[in-house]
Amino acid sequence: MNTPVAEIKTLLDELAKNLCNSMDSGDREKVLAFQKIFTETIAALWNSLEEGEVDLKLKSVSRLIAGWAVHELPEQILDPNHDEKVKSELKLFQRSLVMIDD
């Protein structure tokens with residue numbers, strides 16, 4: 001993966017913020033669009049990590065994040081009743097980004 005870690009962290013943080021903000025707006029079309037971008041970005045990053053030589057600790061944390069973003073989030077986001085849970089998980093995701101070394 002050629003993109004610097006700091007840039008990736010900034011991108012993921014921004015995508016998480018956009019998704020949270022879209023849920024606050026109540027516009028479900030926007031929510032689904034931002035969720036799709038978030039999920040696709042994490043899936044692409046995960047595929048890059050899988051192909052490269054990466055620290056096992058980083059790889060295991062990334063696997064958990066990718067699993068949630070790719071498999072659970074797309075289903076959770078369909079029901080507005082899950083918005084608070086999703087926002088909480090996104091905030092946890094954002095806090096976990098600081099554990100990744102630059």
# chains A, B, ... in the order shown; residues from 1 in each chain; ligands from 1
>>> residues_around(residues="A:Val98", least_positions_apart="3", cutoff="12 Å", atoms="only C-alpha atoms", output="list in words")
Val5, Ala6, Ile8, Lys9, Thr10, Leu12, Asp13, Leu58, Lys91, Leu92, Phe93, Gln94, Arg95, Asp101 and Asp102 of chain A
>>> residues_around(residues="A:Phe38", least_positions_apart="5", cutoff="8 Å", atoms="only C-alpha atoms", output="list in words")
Leu12, Leu15, Ala16, Leu19 and Ala69 of chain A
>>> write_last_selection(atoms="C-alpha atoms", output="PDB file, in the first residue's frame")
ATOM      1  CA  LEU A  12     -11.208   7.112   7.327  1.00  0.00           C
ATOM      2  CA  LEU A  15     -15.603   9.211   6.024  1.00  0.00           C
ATOM      3  CA  ALA A  16     -16.811   8.225   9.510  1.00  0.00           C
ATOM      4  CA  LEU A  19     -21.574   9.037   7.754  1.00  0.00           C
ATOM      5  CA  ALA A  69     -17.622  -2.270   7.920  1.00  0.00           C
TER       6      ALA A  69
END
>>> atom_distance(atom1="atom CA of A:Asp24", atom2="atom CA of A:Val70")
21.7 Å
>>> atom_distance(atom1="atom CA of A:Ser96", atom2="atom CA of A:Gly26")
26.1 Å
>>> atom_distance(atom1="atom CA of A:Phe34", atom2="atom CA of A:Ile77")
10.4 Å
>>> closest_residue(among="A:Gln76, A:Ser62, A:Asn81, A:Asn18", to="A:Leu97", atoms="only C-alpha atoms")
A:Ser62
>>> closest_residue(among="A:Met99, A:Gln35, A:Asn47, A:Glu7", to="A:Cys20", atoms="only C-alpha atoms")
A:Gln35
>>> closest_residue(among="A:Leu49, A:Ala66, A:Met23, A:Ala43", to="A:Asp79", atoms="only C-alpha atoms")
A:Met23
